[in-house]
Amino acid sequence: MKWLQALITGVRLAARLARPKNAQARIRTDSFFRRRRLDIQRCADNTIPPPPMQWAACHSSTIERYKATMTCANGHVLTLQGHAIHRDGTVSPSVVCPEKGCPFHEYVRLANWTFGRIT
Ligand SMILES: [Zn+2]
């Protein structure tokens with residue numbers, strides 16, 4: 001998948017270079033919601049840790065603090081404690097896998113998120 005990442009990086013770089021200077025303010029306000037998000041599926045039985053590319057909600061007594069647990073494409077488990085989750089499941093900022101050497105870095109949305117906005 002390295003070639004794919006290189007391609008994505010190249011496209012992003014080209015897009016950045018192609019932007020007219022006076023469009024900067026508009027891009028800044030729009031980019032958060034317009035950015036293509038990777039959907040992370042909801043773990044059907046809420047198992048923690050969830051399978052790769054799935055998420056599970058933290059226990060109701062800790063959800064405000066720890067929010068959700070997800071597993072990256074390479075099987076590493078991470079908690080979205082430091083992230084904000086919006087009403088539609090959009091996570092900000094982007095999710096970087098903390099595992100050393102793991103290339104997972106995505107803008108994600110937790111599919112079927114039903115817990116409202118948690119910041
Ligand atoms: Zn990882």
# chains A, B, ... in the order shown; residues from 1 in each chain; ligands from 1
call {"tool": "select_by_dssp", "arguments": {"residues": "segment 26-118 of chain A", "states": "alpha helix (DSSP H)", "output": "tab-separated table (two decimals) with C-alpha atoms, in the first residue's frame"}}
result
chain	number	residue	atom	x	y	z
A	26	ARG	CA	-12.35	29.54	2.24
A	27	ILE	CA	-10.33	26.33	2.25
A	28	ARG	CA	-9.50	26.74	5.91
A	29	THR	CA	-13.17	26.89	6.92
A	30	ASP	CA	-14.35	24.18	4.54
A	31	SER	CA	-11.59	21.64	4.80
A	32	PHE	CA	-12.72	20.08	8.05
A	33	PHE	CA	-16.05	18.82	6.76
A	34	ARG	CA	-15.18	18.49	3.08
A	63	ILE	CA	-17.38	7.62	27.44
A	64	GLU	CA	-17.12	11.36	28.12
A	65	ARG	CA	-13.44	10.93	28.89
A	66	TYR	CA	-12.24	8.04	26.74
call {"tool": "residues_near_ligand", "arguments": {"ligand": "ligand 1", "cutoff": "6 Å", "atoms": "only C-alpha atoms and all ligand atoms", "output": "JSON, numbers by chain"}}
result
{"A": [72, 74, 76, 97, 99, 102, 104]}
call {"tool": "atom_distance", "arguments": {"atom1": "atom CA of Lys100 of chain A", "atom2": "atom CA of Pro52 of chain A"}}
result
17.1 Å
call {"tool": "atom_distance", "arguments": {"atom1": "atom CA of Met70 of chain A", "atom2": "atom CA of His105 of chain A"}}
result
12.9 Å
call {"tool": "select_by_dssp", "arguments": {"residues": "segment 71-113 of chain A", "states": "strand (DSSP E or B)", "output": "ChimeraX atom specification"}}
result
/A:71,77-79,84-85,90-92,95-96,105-106,108-110
call {"tool": "atom_distance", "arguments": {"atom1": "atom CA of Cys58 of chain A", "atom2": "atom CA of Ile85 of chain A"}}
result
12.8 Å
call {"tool": "closest_residue", "arguments": {"among": "A:Pro49, A:Ser94, A:Arg42, A:Ala111", "to": "Thr79 of chain A", "atoms": "only C-alpha atoms"}}
result
A:Pro49
call {"tool": "residues_around", "arguments": {"residues": "Gln41 of chain A", "least_positions_apart": "4", "cutoff": "7 Å", "atoms": "only C-alpha atoms", "output": "list in words"}}
result
Met53, Gln54, Trp55, Leu110 and Ala111 of chain A
call {"tool": "write_last_selection", "arguments": {"atoms": "N, CA and C atoms", "output": "PDB file, in the first residue's frame"}}
result
ATOM      1  N   MET A  53     -10.128  -1.857  11.831  1.00  0.00           N
ATOM      2  CA  MET A  53     -10.994  -0.929  11.116  1.00  0.00           C
ATOM      3  C   MET A  53     -12.427  -0.934  11.648  1.00  0.00           C
ATOM      4  N   GLN A  54     -12.543  -1.220  12.940  1.00  0.00           N
ATOM      5  CA  GLN A  54     -13.840  -1.105  13.599  1.00  0.00           C
ATOM      6  C   GLN A  54     -13.640  -0.323  14.889  1.00  0.00           C
ATOM      7  N   TRP A  55     -14.744   0.215  15.408  1.00  0.00           N
ATOM      8  CA  TRP A  55     -14.674   0.964  16.657  1.00  0.00           C
ATOM      9  C   TRP A  55     -15.691   0.412  17.647  1.00  0.00           C
ATOM     10  N   LEU A 110     -16.557   7.714  12.570  1.00  0.00           N
ATOM     11  CA  LEU A 110     -17.049   6.505  13.214  1.00  0.00           C
ATOM     12  C   LEU A 110     -18.478   6.278  12.708  1.00  0.00           C
ATOM     13  N   ALA A 111     -18.652   5.269  11.871  1.00  0.00           N
ATOM     14  CA  ALA A 111     -19.968   4.992  11.289  1.00  0.00           C
ATOM     15  C   ALA A 111     -20.954   4.588  12.382  1.00  0.00           C
TER      16      ALA A 111
END
call {"tool": "closest_residue", "arguments": {"among": "A:Ala56, A:Leu38, A:Ala73, A:Ile48", "to": "Glu106 of chain A", "atoms": "only C-alpha atoms"}}
result
A:Leu38
call {"tool": "residues_around", "arguments": {"residues": "Ser92 of chain A", "least_positions_apart": "2", "cutoff": "12 Å", "atoms": "only C-alpha atoms", "output": "MDAnalysis selection string"}}
result
chainID A and resid 31:33 35 37 80:90 94:96 106:110 117:119
